[in-house]
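**Q** Structure file entry26.txt (compact mmCIF, C-alpha atoms (C1' of nucleotides)) is given on the next line.
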# COMPACT_ATOMS: atom_id res chain seq x y z
CA MET A 1 29.32 1.71 8.44
CA THR A 2 28.73 -1.67 10.06
CA THR A 3 27.56 -4.66 8.03
CA GLU A 4 24.31 -4.64 9.97
CA ASP A 5 23.57 -1.03 9.08
CA ASN A 6 24.48 -1.70 5.49
CA ILE A 7 21.98 -4.56 5.36
CA LEU A 8 19.25 -2.51 7.04
CA GLN A 9 19.73 0.35 4.64
CA HIS A 10 19.27 -1.79 1.56
CA ALA A 11 16.58 -3.97 3.12
CA ARG A 12 14.64 -0.79 3.82
CA ALA A 13 14.84 0.26 0.18
CA ILE A 14 13.54 -3.11 -1.04
CA PHE A 15 10.87 -3.56 1.64
CA PHE A 16 9.56 -0.02 1.17
CA ARG A 17 9.07 -0.66 -2.52
CA LYS A 18 7.89 -4.28 -2.52
CA GLY A 19 6.60 -5.06 0.94
CA LEU A 20 7.29 -8.17 3.00
CA ALA A 21 5.79 -10.69 0.59
CA GLY A 22 7.22 -9.10 -2.56
CA ALA A 23 10.77 -8.60 -1.35
CA ARG A 24 13.43 -11.22 -2.11
CA MET A 25 16.28 -11.99 0.26
CA GLN A 26 18.48 -12.54 -2.79
CA GLU A 27 17.75 -9.03 -4.06
CA ILE A 28 18.50 -7.46 -0.68
CA ALA A 29 21.78 -9.37 -0.54
CA ASP A 30 22.71 -8.27 -4.05
CA TYR A 31 22.07 -4.60 -3.32
CA ALA A 32 23.98 -4.85 -0.04
CA GLY A 33 26.89 -6.49 -1.86
CA ILE A 34 26.83 -9.64 0.27
CA ASN A 35 25.22 -13.08 0.06
CA LYS A 36 22.03 -14.51 1.45
CA ALA A 37 23.73 -16.44 4.24
CA MET A 38 24.93 -13.18 5.73
CA LEU A 39 21.39 -11.86 5.99
CA HIS A 40 20.44 -14.88 8.05
CA TYR A 41 23.57 -14.52 10.14
CA TYR A 42 22.62 -10.99 11.19
CA PHE A 43 18.83 -11.32 11.16
CA LYS A 44 17.84 -14.95 11.71
CA THR A 45 14.80 -14.79 9.37
CA LYS A 46 13.26 -12.58 6.69
CA GLU A 47 10.41 -11.87 9.09
CA GLN A 48 12.79 -10.58 11.76
CA LEU A 49 14.64 -8.39 9.28
CA PHE A 50 11.33 -6.97 8.16
CA GLU A 51 10.18 -6.30 11.70
CA LYS A 52 13.30 -4.29 12.35
CA VAL A 53 12.70 -2.20 9.23
CA PHE A 54 9.00 -1.78 9.98
CA GLY A 55 9.62 -0.82 13.57
CA GLN A 56 12.11 1.83 12.55
CA ALA A 57 9.93 3.21 9.77
CA PHE A 58 7.79 5.37 12.00
CA GLU A 59 10.45 6.37 14.45
CA VAL A 60 11.52 9.08 12.01
CA PHE A 61 8.15 10.73 12.47
CA ALA A 62 7.00 9.61 15.89
CA GLY A 63 9.69 11.01 18.14
CA LYS A 64 9.49 14.49 16.70
CA LEU A 65 5.69 14.37 16.56
CA ALA A 66 5.35 13.71 20.28
CA GLU A 67 7.65 16.64 20.84
CA ILE A 68 5.68 18.95 18.58
CA PHE A 69 2.27 18.21 20.07
CA SER A 70 3.38 18.31 23.66
CA GLY A 71 5.55 21.38 23.31
CA ASP A 72 4.77 24.52 25.23
CA VAL A 73 4.22 26.71 22.18
CA ASN A 74 1.23 28.54 20.78
CA LEU A 75 -1.13 26.91 18.31
CA GLU A 76 0.22 28.65 15.22
CA GLU A 77 3.74 27.50 15.97
CA MET A 78 2.54 23.97 16.64
CA ILE A 79 0.72 23.72 13.32
CA THR A 80 3.62 25.25 11.43
CA ALA A 81 6.05 22.85 13.04
CA TYR A 82 3.87 19.84 12.26
CA VAL A 83 3.41 20.67 8.60
CA ASN A 84 7.05 21.50 8.01
CA HIS A 85 8.28 18.41 9.80
CA THR A 86 5.85 16.09 8.04
CA VAL A 87 6.53 17.40 4.55
CA ASP A 88 10.29 17.41 5.13
CA SER A 89 10.26 13.85 6.47
CA LEU A 90 8.10 12.60 3.61
CA THR A 91 10.34 14.32 1.09
CA GLU A 92 13.19 12.19 2.39
CA ASN A 93 11.09 9.02 2.72
CA PRO A 94 8.11 9.29 0.38
CA GLY A 95 7.55 5.54 0.36
CA ILE A 96 6.81 5.11 4.06
CA PRO A 97 3.05 5.80 4.13
CA VAL A 98 2.17 3.29 1.44
CA PHE A 99 4.62 0.79 2.92
CA VAL A 100 3.04 1.02 6.37
CA MET A 101 -0.56 1.08 5.14
CA ASN A 102 0.01 -1.88 2.89
CA GLU A 103 1.55 -3.95 5.65
CA LEU A 104 -1.34 -3.07 7.95
CA SER A 105 -3.71 -4.19 5.22
CA TYR A 106 -1.95 -7.55 4.97
CA ASN A 107 -1.43 -7.92 8.69
CA PRO A 108 -3.69 -5.67 10.80
CA ALA A 109 -2.23 -7.02 14.03
CA ARG A 110 1.00 -5.20 13.38
CA ILE A 111 -0.65 -1.91 14.29
CA THR A 112 0.33 -2.59 17.90
CA GLN A 113 3.97 -2.52 16.84
CA LEU A 114 3.30 0.86 15.28
CA PHE A 115 1.83 2.38 18.40
CA ALA A 116 4.47 0.91 20.65
CA GLY A 117 6.81 3.56 19.28
CA GLU A 118 4.41 6.50 19.25
CA GLU A 119 1.93 5.98 22.02
CA LYS A 120 3.34 9.06 23.62
CA ILE A 121 1.60 11.15 21.00
CA ASN A 122 -1.15 12.94 22.83
CA LEU A 123 -3.51 15.23 20.97
CA GLY A 124 -5.15 16.52 24.12
CA ASN A 125 -2.93 19.56 24.16
CA PHE A 126 -3.67 20.36 20.52
CA LYS A 127 -7.42 19.96 21.04
CA GLU A 128 -7.40 22.23 24.06
CA LEU A 129 -5.54 24.97 22.24
CA VAL A 130 -7.95 24.81 19.30
CA GLU A 131 -11.08 24.85 21.49
CA LYS A 132 -9.77 27.77 23.46
CA LYS A 133 -8.65 29.77 20.44
CA THR A 134 -11.92 29.33 18.56
CA GLN A 135 -14.22 29.19 21.57
CA GLY A 136 -15.42 25.75 20.51
CA LYS A 137 -16.43 26.88 17.03
CA THR A 138 -13.90 24.67 15.26
CA ASP A 139 -13.89 20.88 15.56
CA ALA A 140 -10.31 20.18 16.64
CA GLU A 141 -10.45 16.56 15.58
CA ALA A 142 -11.61 17.39 12.06
CA LEU A 143 -8.95 20.07 11.86
CA PHE A 144 -6.30 17.55 12.80
CA ILE A 145 -7.50 14.98 10.27
CA ASP A 146 -7.61 17.61 7.52
CA MET A 147 -4.13 18.85 8.36
CA VAL A 148 -2.64 15.38 8.15
CA ALA A 149 -4.55 14.55 4.97
CA LEU A 150 -3.40 17.71 3.22
CA CYS A 151 0.20 17.00 4.17
CA VAL A 152 0.46 13.28 3.51
CA TYR A 153 -1.92 12.37 0.71
CA PRO A 154 -0.13 14.24 -2.08
CA PHE A 155 2.90 12.03 -1.36
CA VAL A 156 0.84 8.85 -1.33
CA ILE A 157 -0.83 9.60 -4.66
CA ALA A 158 2.28 11.12 -6.28
CA PRO A 159 2.60 8.89 -9.36
CA VAL A 160 -1.07 9.26 -10.23
CA PHE A 161 -1.24 13.02 -9.75
CA THR A 162 2.00 13.58 -11.61
CA LYS A 163 0.40 11.99 -14.65
CA LEU A 164 -3.12 13.35 -14.14
CA LEU A 165 -1.87 16.93 -13.79
CA HIS A 166 0.58 16.52 -16.67
CA LYS A 167 3.66 17.36 -14.63
CA THR A 168 7.26 16.20 -14.71
CA ASP A 169 8.62 14.50 -11.60
CA GLN A 170 10.60 17.65 -10.89
CA GLN A 171 7.56 19.87 -11.17
CA TYR A 172 5.57 17.63 -8.85
CA LYS A 173 8.38 17.61 -6.28
CA HIS A 174 8.34 21.38 -6.38
CA LEU A 175 4.57 21.40 -5.95
CA LEU A 176 4.90 19.23 -2.84
CA GLN A 177 7.31 21.73 -1.32
CA SER A 178 5.18 24.72 -2.18
CA ARG A 179 2.27 23.08 -0.41
CA LYS A 180 3.92 23.62 2.97
CA VAL A 181 2.93 27.27 3.13
CA HIS A 182 -0.36 26.54 1.38
CA VAL A 183 -1.45 23.94 3.93
CA ILE A 184 -0.34 26.08 6.86
CA ASN A 185 -2.40 28.97 5.52
CA GLN A 186 -5.45 26.80 4.98
CA ILE A 187 -5.36 25.38 8.49
CA LEU A 188 -4.59 28.67 10.23
CA SER A 189 -7.42 30.37 8.33
CA ARG A 190 -9.86 28.13 10.16
CA LEU A 191 -8.85 29.28 13.63
CA MET B 1 -23.59 -15.93 -10.96
CA THR B 2 -21.09 -17.43 -13.37
CA THR B 3 -18.03 -19.28 -12.09
CA GLU B 4 -15.83 -16.57 -13.58
CA ASP B 5 -17.59 -13.82 -11.64
CA ASN B 6 -17.46 -15.91 -8.50
CA ILE B 7 -13.69 -16.26 -8.88
CA LEU B 8 -13.21 -12.57 -9.61
CA GLN B 9 -15.22 -11.55 -6.59
CA HIS B 10 -13.14 -13.60 -4.17
CA ALA B 11 -9.86 -12.89 -5.95
CA ARG B 12 -10.62 -9.20 -5.54
CA ALA B 13 -11.09 -9.62 -1.78
CA ILE B 14 -7.75 -11.43 -1.40
CA PHE B 15 -5.76 -9.23 -3.78
CA PHE B 16 -7.10 -6.04 -2.21
CA ARG B 17 -5.92 -7.19 1.17
CA LYS B 18 -2.63 -8.91 0.33
CA GLY B 19 -1.53 -7.62 -3.04
CA LEU B 20 -0.16 -9.66 -5.93
CA ALA B 21 2.86 -11.10 -4.15
CA GLY B 22 1.08 -11.83 -0.87
CA ALA B 23 -2.02 -13.49 -2.30
CA ARG B 24 -2.17 -17.29 -2.58
CA MET B 25 -4.02 -19.07 -5.37
CA GLN B 26 -5.00 -21.74 -2.85
CA GLU B 27 -6.66 -19.18 -0.60
CA ILE B 28 -8.60 -17.65 -3.50
CA ALA B 29 -9.75 -21.12 -4.53
CA ASP B 30 -10.85 -21.94 -0.98
CA TYR B 31 -12.88 -18.75 -0.61
CA ALA B 32 -14.45 -19.28 -4.02
CA GLY B 33 -15.32 -22.85 -3.08
CA ILE B 34 -13.41 -24.43 -5.96
CA ASN B 35 -9.91 -25.83 -6.48
CA LYS B 36 -6.74 -24.31 -7.81
CA ALA B 37 -6.98 -26.01 -11.20
CA MET B 38 -10.18 -24.11 -11.91
CA LEU B 39 -8.47 -20.78 -11.40
CA HIS B 40 -5.97 -21.66 -14.09
CA TYR B 41 -8.74 -22.92 -16.33
CA TYR B 42 -10.49 -19.55 -16.27
CA PHE B 43 -7.47 -17.26 -15.91
CA LYS B 44 -4.37 -18.95 -17.30
CA THR B 45 -2.00 -17.50 -14.69
CA LYS B 46 -2.06 -15.69 -11.36
CA GLU B 47 -0.66 -12.65 -13.13
CA GLN B 48 -3.56 -12.57 -15.59
CA LEU B 49 -6.12 -12.97 -12.83
CA PHE B 50 -4.50 -10.10 -10.99
CA GLU B 51 -4.47 -7.87 -14.06
CA LYS B 52 -8.18 -8.38 -14.49
CA VAL B 53 -8.80 -7.41 -10.86
CA PHE B 54 -6.43 -4.44 -11.03
CA GLY B 55 -7.91 -3.17 -14.28
CA GLN B 56 -11.40 -3.30 -12.86
CA ALA B 57 -10.44 -1.68 -9.56
CA PHE B 58 -10.58 1.90 -10.80
CA GLU B 59 -13.48 1.48 -13.18
CA VAL B 60 -15.80 1.91 -10.22
CA PHE B 61 -14.50 5.44 -9.81
CA ALA B 62 -13.30 6.40 -13.25
CA GLY B 63 -16.47 6.18 -15.29
CA LYS B 64 -18.48 8.30 -12.91
CA LEU B 65 -15.59 10.74 -12.40
CA ALA B 66 -15.31 11.55 -16.08
CA GLU B 67 -19.04 12.18 -16.07
CA ILE B 68 -18.89 14.46 -13.02
CA PHE B 69 -16.05 16.67 -14.27
CA SER B 70 -17.34 17.00 -17.81
CA GLY B 71 -20.95 17.55 -16.84
CA ASP B 72 -22.69 20.78 -17.70
CA VAL B 73 -23.41 21.79 -14.12
CA ASN B 74 -22.30 24.67 -11.92
CA LEU B 75 -19.21 24.42 -9.74
CA GLU B 76 -21.02 23.85 -6.47
CA GLU B 77 -22.90 20.90 -7.90
CA MET B 78 -19.74 19.46 -9.41
CA ILE B 79 -17.86 19.58 -6.10
CA THR B 80 -20.79 18.16 -4.18
CA ALA B 81 -21.16 15.33 -6.68
CA TYR B 82 -17.45 14.51 -6.54
CA VAL B 83 -17.25 14.35 -2.76
CA ASN B 84 -20.42 12.31 -2.37
CA HIS B 85 -19.46 9.89 -5.10
CA THR B 86 -15.92 9.41 -3.80
CA VAL B 87 -16.90 8.87 -0.18
CA ASP B 88 -19.73 6.52 -1.16
CA SER B 89 -17.47 4.49 -3.44
CA LEU B 90 -14.74 4.27 -0.81
CA THR B 91 -17.23 3.23 1.83
CA GLU B 92 -18.05 0.22 -0.34
CA ASN B 93 -14.43 -0.45 -1.31
CA PRO B 94 -12.14 1.09 1.32
CA GLY B 95 -9.22 -1.12 0.35
CA ILE B 96 -8.81 0.12 -3.22
CA PRO B 97 -6.52 3.14 -2.68
CA VAL B 98 -3.88 1.24 -0.71
CA PHE B 99 -4.17 -1.70 -3.09
CA VAL B 100 -3.55 0.48 -6.13
CA MET B 101 -0.79 2.58 -4.54
CA ASN B 102 1.02 -0.49 -3.30
CA GLU B 103 0.95 -2.16 -6.68
CA LEU B 104 2.22 1.02 -8.32
CA SER B 105 5.03 1.07 -5.78
CA TYR B 106 5.99 -2.50 -6.67
CA ASN B 107 5.47 -2.06 -10.36
CA PRO B 108 5.38 1.59 -11.49
CA ALA B 109 4.87 0.58 -15.11
CA ARG B 110 1.32 -0.50 -14.35
CA ILE B 111 0.25 3.13 -14.12
CA THR B 112 -0.41 3.03 -17.85
CA GLN B 113 -3.03 0.33 -17.22
CA LEU B 114 -4.63 2.67 -14.72
CA PHE B 115 -4.92 5.58 -17.09
CA ALA B 116 -6.14 3.43 -19.94
CA GLY B 117 -9.48 3.32 -18.16
CA GLU B 118 -9.67 6.92 -17.03
CA GLU B 119 -7.82 9.02 -19.55
CA LYS B 120 -11.09 10.65 -20.35
CA ILE B 121 -10.94 12.51 -17.05
CA ASN B 122 -10.33 16.10 -18.00
CA LEU B 123 -9.91 18.73 -15.31
CA GLY B 124 -9.93 21.60 -17.77
CA ASN B 125 -13.60 22.23 -17.21
CA PHE B 126 -13.18 22.25 -13.42
CA LYS B 127 -10.23 24.64 -13.61
CA GLU B 128 -12.10 27.03 -15.86
CA LEU B 129 -15.08 27.13 -13.54
CA VAL B 130 -12.88 27.84 -10.52
CA GLU B 131 -10.86 30.55 -12.24
CA LYS B 132 -14.00 32.26 -13.46
CA LYS B 133 -15.82 32.02 -10.15
CA THR B 134 -12.92 33.38 -8.09
CA GLN B 135 -11.48 35.67 -10.74
CA GLY B 136 -8.17 33.80 -10.56
CA LYS B 137 -7.82 34.31 -6.83
CA THR B 138 -7.97 30.57 -6.05
CA ASP B 139 -5.48 28.05 -7.41
CA ALA B 140 -7.76 25.48 -9.01
CA GLU B 141 -5.11 22.78 -9.02
CA ALA B 142 -4.42 23.14 -5.29
CA LEU B 143 -8.15 23.16 -4.65
CA PHE B 144 -8.52 19.89 -6.56
CA ILE B 145 -5.62 18.24 -4.73
CA ASP B 146 -6.99 19.35 -1.37
CA MET B 147 -10.46 18.09 -2.20
CA VAL B 148 -9.21 14.64 -3.16
CA ALA B 149 -6.90 14.46 -0.14
CA LEU B 150 -9.66 15.38 2.30
CA CYS B 151 -11.94 12.74 0.81
CA VAL B 152 -9.58 9.83 0.33
CA TYR B 153 -6.90 10.01 3.01
CA PRO B 154 -9.15 9.30 6.00
CA PHE B 155 -9.99 5.97 4.35
CA VAL B 156 -6.34 5.17 3.66
CA ILE B 157 -5.25 5.86 7.22
CA ALA B 158 -8.37 4.38 8.85
CA PRO B 159 -6.77 1.77 11.13
CA VAL B 160 -4.21 4.24 12.48
CA PHE B 161 -6.67 7.08 13.09
CA THR B 162 -9.21 4.76 14.66
CA LYS B 163 -6.66 3.89 17.29
CA LEU B 164 -5.01 7.31 17.57
CA LEU B 165 -8.36 9.05 18.10
CA HIS B 166 -9.59 6.32 20.46
CA LYS B 167 -12.65 5.39 18.42
CA THR B 168 -14.48 2.15 17.75
CA ASP B 169 -14.69 0.96 14.15
CA GLN B 170 -18.32 1.98 14.13
CA GLN B 171 -17.56 5.47 15.37
CA TYR B 172 -14.86 5.93 12.76
CA LYS B 173 -17.18 4.74 9.98
CA HIS B 174 -19.67 7.33 11.15
CA LEU B 175 -16.98 10.01 11.17
CA LEU B 176 -16.10 9.16 7.55
CA GLN B 177 -19.72 9.68 6.53
CA SER B 178 -20.07 12.92 8.43
CA ARG B 179 -17.03 14.24 6.62
CA LYS B 180 -18.97 14.48 3.36
CA VAL B 181 -20.71 17.68 4.36
CA HIS B 182 -17.62 18.89 6.19
CA VAL B 183 -15.37 18.55 3.14
CA ILE B 184 -17.94 20.10 0.84
CA ASN B 185 -18.22 23.09 3.16
CA GLN B 186 -14.46 23.48 3.41
CA ILE B 187 -13.95 23.44 -0.35
CA LEU B 188 -16.92 25.67 -1.15
CA SER B 189 -15.78 28.19 1.43
CA ARG B 190 -12.70 28.82 -0.66
CA LEU B 191 -14.58 29.91 -3.75
C1' DG C 1 -16.24 -27.87 -16.70
C1' DT C 2 -14.54 -29.92 -12.61
C1' DC C 3 -11.74 -32.74 -10.14
C1' DT C 4 -7.05 -35.36 -8.19
C1' DA C 5 -2.43 -36.03 -8.65
C1' DT C 6 1.88 -34.43 -9.84
C1' DA C 7 5.59 -31.84 -12.11
C1' DT C 8 8.56 -27.95 -11.56
C1' DC C 9 10.80 -24.27 -9.60
C1' DG C 10 11.74 -20.31 -6.79
C1' DG C 11 13.19 -18.81 -2.51
C1' DG C 12 13.97 -19.05 2.64
C1' DA C 13 16.92 -21.30 5.53
C1' DT C 14 20.92 -24.21 7.02
C1' DA C 15 25.46 -26.87 7.02
C1' DG C 16 29.94 -26.58 7.03
C1' DA C 17 34.48 -25.05 5.06
C1' DC C 18 37.61 -21.26 5.53
C1' DG D 1 32.40 -13.06 9.89
C1' DT D 2 32.05 -14.50 5.28
C1' DC D 3 31.59 -17.64 1.80
C1' DT D 4 29.63 -21.95 -1.33
C1' DA D 5 26.71 -25.61 -1.71
C1' DT D 6 22.55 -27.63 -0.57
C1' DC D 7 18.28 -28.76 1.72
C1' DC D 8 13.42 -28.48 1.60
C1' DC D 9 9.03 -26.55 1.61
C1' DG D 10 5.46 -24.00 -0.47
C1' DA D 11 3.27 -22.28 -4.44
C1' DT D 12 2.34 -21.92 -9.43
C1' DA D 13 1.16 -24.51 -13.02
C1' DT D 14 -0.04 -28.69 -15.77
C1' DA D 15 -1.58 -33.53 -17.01
C1' DG D 16 -5.08 -36.32 -17.44
C1' DA D 17 -9.25 -38.90 -15.63
C1' DC D 18 -14.19 -38.24 -15.29
Take the structure I supplied and represent it as structure tokens, if you would.
**A**
Amino acid sequence: MTTEDNILQHARAIFFRKGLAGARMQEIADYAGINKAMLHYYFKTKEQLFEKVFGQAFEVFAGKLAEIFSGDVNLEEMITAYVNHTVDSLTENPGIPVFVMNELSYNPARITQLFAGEEKINLGNFKELVEKKTQGKTDAEALFIDMVALCVYPFVIAPVFTKLLHKTDQQYKHLLQSRKVHVINQILSRL
Amino acid sequence: MTTEDNILQHARAIFFRKGLAGARMQEIADYAGINKAMLHYYFKTKEQLFEKVFGQAFEVFAGKLAEIFSGDVNLEEMITAYVNHTVDSLTENPGIPVFVMNELSYNPARITQLFAGEEKINLGNFKELVEKKTQGKTDAEALFIDMVALCVYPFVIAPVFTKLLHKTDQQYKHLLQSRKVHVINQILSRL
DNA sequence: GTCTATATCGGGATAGAC
DNA sequence: GTCTATCCCGATATAGAC
């Protein structure tokens, strides 16, 4: 692994947890097993290092998402693919949603950077399929919002729900997985 | 209004948007129309000022929530009350969820502070009502998670969805309101 | 209680040796 | 490319006059 990748990997871990303002270059250097000067050698400033991490954060989701929603498959397959992909991605990177939302709260202008990587996502296809399938009886937009909410929110609220529902971390992780089929069923039942 | 309340009000606005690490005492002082020294006179340190704001953040929700879920009403009324209260509260304070989640990400230990104010929330009553009503056919826990997700997530993701769905801020605000009846219908339809 | 002025320090960034 | 030493600014916090 290159030094640059090593830095990015550990910078990601720190930035995801503490955000731009809360992260310390010293801490990133320590975790990466190098010194501060090296960070500035590879990524001129903290800001630039952050931008790299932020820009990459959504690429995990975005590329595959565009593929899923533009694919030439039927609606059931599309929904199943979305839910499975989202839950799997979040299982690997549960910190991303809060990280992104928090940074957008601090700096709303950065939303352009977010859409630069995913502006290819077009819901037109999804909407059409829903309208056709339900003969206009189901609001496709509301269905989309609900689907995303049901997938993502349980990851966002994890620490609170773990405690509120009196679960161990392991039990809650299992619950998140079991929700895949649950969410798919809920959404499909509305078609 | 007392000076203390004036400080808290503006500190809340800054902390909600920028978090503990990103907020600046100078900025809070400016917005409050006083100087930095006054902040330290009323709240010894930045940390203590933040704790006050953080501790109060969930009280808006918590008190009423405990009341809703322990109330001696039927299930339909309980669900309706929860959704309306949550959406109304979030409309007034849309920044709270991201603020709380971000701080928990930075400092997981603070979750105890969160539950100190809302440990009275008991879902036992809700679960019982659901089990009875559906003769055990509906998972009450999943129903609860879904209900919260459908209410809260659209507020959390607001800036992204506004852009992704090509809406104006005003249109999205309207959509959030119209979701009250939508969410209630969705949840009730599963009983 | 409210202000101005200042102490103190943490942390981003750079210089320069190797 | 990698390190040590250091600069320097910004931000919290305090001292002390009024």
**Q** Quick one: everything within 12 Å of DC8 in chain D, counting all atoms listed in the file, minus sequence neighbours fewer than 6 positions away in the same chain. Send it as a list of chain:residue names.
**A** C:DG10, C:DG11, C:DG12, C:DA13, C:DT14
**Q** Can I get the selected residues back with C-alpha atoms (C1' of nucleotides), as a compact mmCIF listing (two decimals), keeping the file's coordinate frame?
**A**
# COMPACT_ATOMS: atom_id res chain seq x y z
C1' DG C 10 11.74 -20.31 -6.79
C1' DG C 11 13.19 -18.81 -2.51
C1' DG C 12 13.97 -19.05 2.64
C1' DA C 13 16.92 -21.30 5.53
C1' DT C 14 20.92 -24.21 7.02
**Q** Produce the centre coordinates and the three edge lengths, each in Å to one decimal, of the box along x, y and z that contains all listed atoms of range 2-7 of chain D with 8 Å added on each side, as lines of an AutoDock Vina configuration file.
**A**
center_x = 25.2
center_y = -21.6
center_z = 1.8
size_x = 29.8
size_y = 30.3
size_z = 23.0
**Q** What does the distance between CA of Val181 in chain A and CA of Leu90 in chain A come to in Å, to one decimal place?
**A** 15.6 Å
**Q** Taking only C-alpha atoms into account, name the residue in B:Ala57, B:Met101, B:Met1, B:Ile7 that is nearest to chain A.
**A** B:Met101
**Q** Hey, can you check how far CA of Pro94 in chain A sits from CA of Asn185 in chain A?
**A** 22.9 Å
**Q** What separation in Å, quoted to one decimal, exists between CA of Gly136 in chain B and CA of Asn74 in chain B?
**A**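 Pair CA of Gly136 in chain B / CA of Asn74 in chain B returns 16.9 Å.
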**Q** Residues of chain B near chain A: apply a cut-off of 6 Å, count only C-alpha atoms, and supply the list as a list in words.
**A**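 The complete set of qualifying residues is Arg17, Lys18, Ala21, Gly22, Ser105, Tyr106, Ala149, Leu150 and Tyr153 of chain B.
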**Q** Within 10 Å of chain A, which residues of chain D come that close, and what is the closest atom pair and distance in Å for each? Count all atoms listed in the file and give it as CSV.
**A**
residue,atom,partner,partner_atom,distance
D:DG1,C1',A:Met38,CA,8.6
D:DT2,C1',A:Met38,CA,7.3
D:DC3,C1',A:Asn35,CA,8.0
D:DT4,C1',A:Ala37,CA,9.8
**Q** Write out N, CA and C atoms for range 101-119 of chain B, as a PDB file, in the frame of the given file.
**A**
ATOM      1  N   MET B 101      -2.063   1.894  -4.820  1.00  0.00           N
ATOM      2  CA  MET B 101      -0.790   2.580  -4.540  1.00  0.00           C
ATOM      3  C   MET B 101       0.326   1.578  -4.286  1.00  0.00           C
ATOM      4  N   ASN B 102       0.003   0.515  -3.580  1.00  0.00           N
ATOM      5  CA  ASN B 102       1.020  -0.490  -3.300  1.00  0.00           C
ATOM      6  C   ASN B 102       1.487  -1.176  -4.569  1.00  0.00           C
ATOM      7  N   GLU B 103       0.558  -1.489  -5.440  1.00  0.00           N
ATOM      8  CA  GLU B 103       0.950  -2.160  -6.680  1.00  0.00           C
ATOM      9  C   GLU B 103       1.775  -1.231  -7.558  1.00  0.00           C
ATOM     10  N   LEU B 104       1.438   0.059  -7.548  1.00  0.00           N
ATOM     11  CA  LEU B 104       2.220   1.020  -8.320  1.00  0.00           C
ATOM     12  C   LEU B 104       3.621   1.178  -7.724  1.00  0.00           C
ATOM     13  N   SER B 105       3.723   0.997  -6.418  1.00  0.00           N
ATOM     14  CA  SER B 105       5.030   1.070  -5.780  1.00  0.00           C
ATOM     15  C   SER B 105       5.897  -0.110  -6.207  1.00  0.00           C
ATOM     16  N   TYR B 106       5.277  -1.278  -6.261  1.00  0.00           N
ATOM     17  CA  TYR B 106       5.990  -2.500  -6.670  1.00  0.00           C
ATOM     18  C   TYR B 106       6.306  -2.461  -8.151  1.00  0.00           C
ATOM     19  N   ASN B 107       5.338  -2.010  -8.914  1.00  0.00           N
ATOM     20  CA  ASN B 107       5.470  -2.060 -10.360  1.00  0.00           C
ATOM     21  C   ASN B 107       4.959  -0.765 -10.991  1.00  0.00           C
ATOM     22  N   PRO B 108       5.804   0.273 -11.010  1.00  0.00           N
ATOM     23  CA  PRO B 108       5.380   1.590 -11.490  1.00  0.00           C
ATOM     24  C   PRO B 108       4.843   1.584 -12.913  1.00  0.00           C
ATOM     25  N   ALA B 109       5.283   0.606 -13.701  1.00  0.00           N
ATOM     26  CA  ALA B 109       4.870   0.580 -15.110  1.00  0.00           C
ATOM     27  C   ALA B 109       3.361   0.376 -15.258  1.00  0.00           C
ATOM     28  N   ARG B 110       2.744  -0.192 -14.232  1.00  0.00           N
ATOM     29  CA  ARG B 110       1.320  -0.500 -14.350  1.00  0.00           C
ATOM     30  C   ARG B 110       0.458   0.757 -14.327  1.00  0.00           C
ATOM     31  N   ILE B 111       1.053   1.909 -14.145  1.00  0.00           N
ATOM     32  CA  ILE B 111       0.250   3.130 -14.120  1.00  0.00           C
ATOM     33  C   ILE B 111      -0.415   3.364 -15.460  1.00  0.00           C
ATOM     34  N   THR B 112       0.200   2.874 -16.522  1.00  0.00           N
ATOM     35  CA  THR B 112      -0.410   3.030 -17.850  1.00  0.00           C
ATOM     36  C   THR B 112      -1.752   2.297 -17.898  1.00  0.00           C
ATOM     37  N   GLN B 113      -1.787   1.110 -17.285  1.00  0.00           N
ATOM     38  CA  GLN B 113      -3.030   0.330 -17.220  1.00  0.00           C
ATOM     39  C   GLN B 113      -4.113   1.108 -16.500  1.00  0.00           C
ATOM     40  N   LEU B 114      -3.693   1.882 -15.510  1.00  0.00           N
ATOM     41  CA  LEU B 114      -4.630   2.670 -14.720  1.00  0.00           C
ATOM     42  C   LEU B 114      -5.259   3.761 -15.566  1.00  0.00           C
ATOM     43  N   PHE B 115      -4.431   4.450 -16.312  1.00  0.00           N
ATOM     44  CA  PHE B 115      -4.920   5.580 -17.090  1.00  0.00           C
ATOM     45  C   PHE B 115      -5.604   5.165 -18.378  1.00  0.00           C
ATOM     46  N   ALA B 116      -5.430   3.910 -18.769  1.00  0.00           N
ATOM     47  CA  ALA B 116      -6.140   3.430 -19.940  1.00  0.00           C
ATOM     48  C   ALA B 116      -7.637   3.531 -19.722  1.00  0.00           C
ATOM     49  N   GLY B 117      -8.058   3.300 -18.479  1.00  0.00           N
ATOM     50  CA  GLY B 117      -9.480   3.320 -18.160  1.00  0.00           C
ATOM     51  C   GLY B 117     -10.020   4.681 -17.794  1.00  0.00           C
ATOM     52  N   GLU B 118      -9.152   5.635 -17.514  1.00  0.00           N
ATOM     53  CA  GLU B 118      -9.670   6.920 -17.030  1.00  0.00           C
ATOM     54  C   GLU B 118      -9.027   8.128 -17.706  1.00  0.00           C
ATOM     55  N   GLU B 119      -8.485   7.894 -18.900  1.00  0.00           N
ATOM     56  CA  GLU B 119      -7.820   9.020 -19.550  1.00  0.00           C
ATOM     57  C   GLU B 119      -8.825  10.060 -20.041  1.00  0.00           C
TER      58      GLU B 119
END
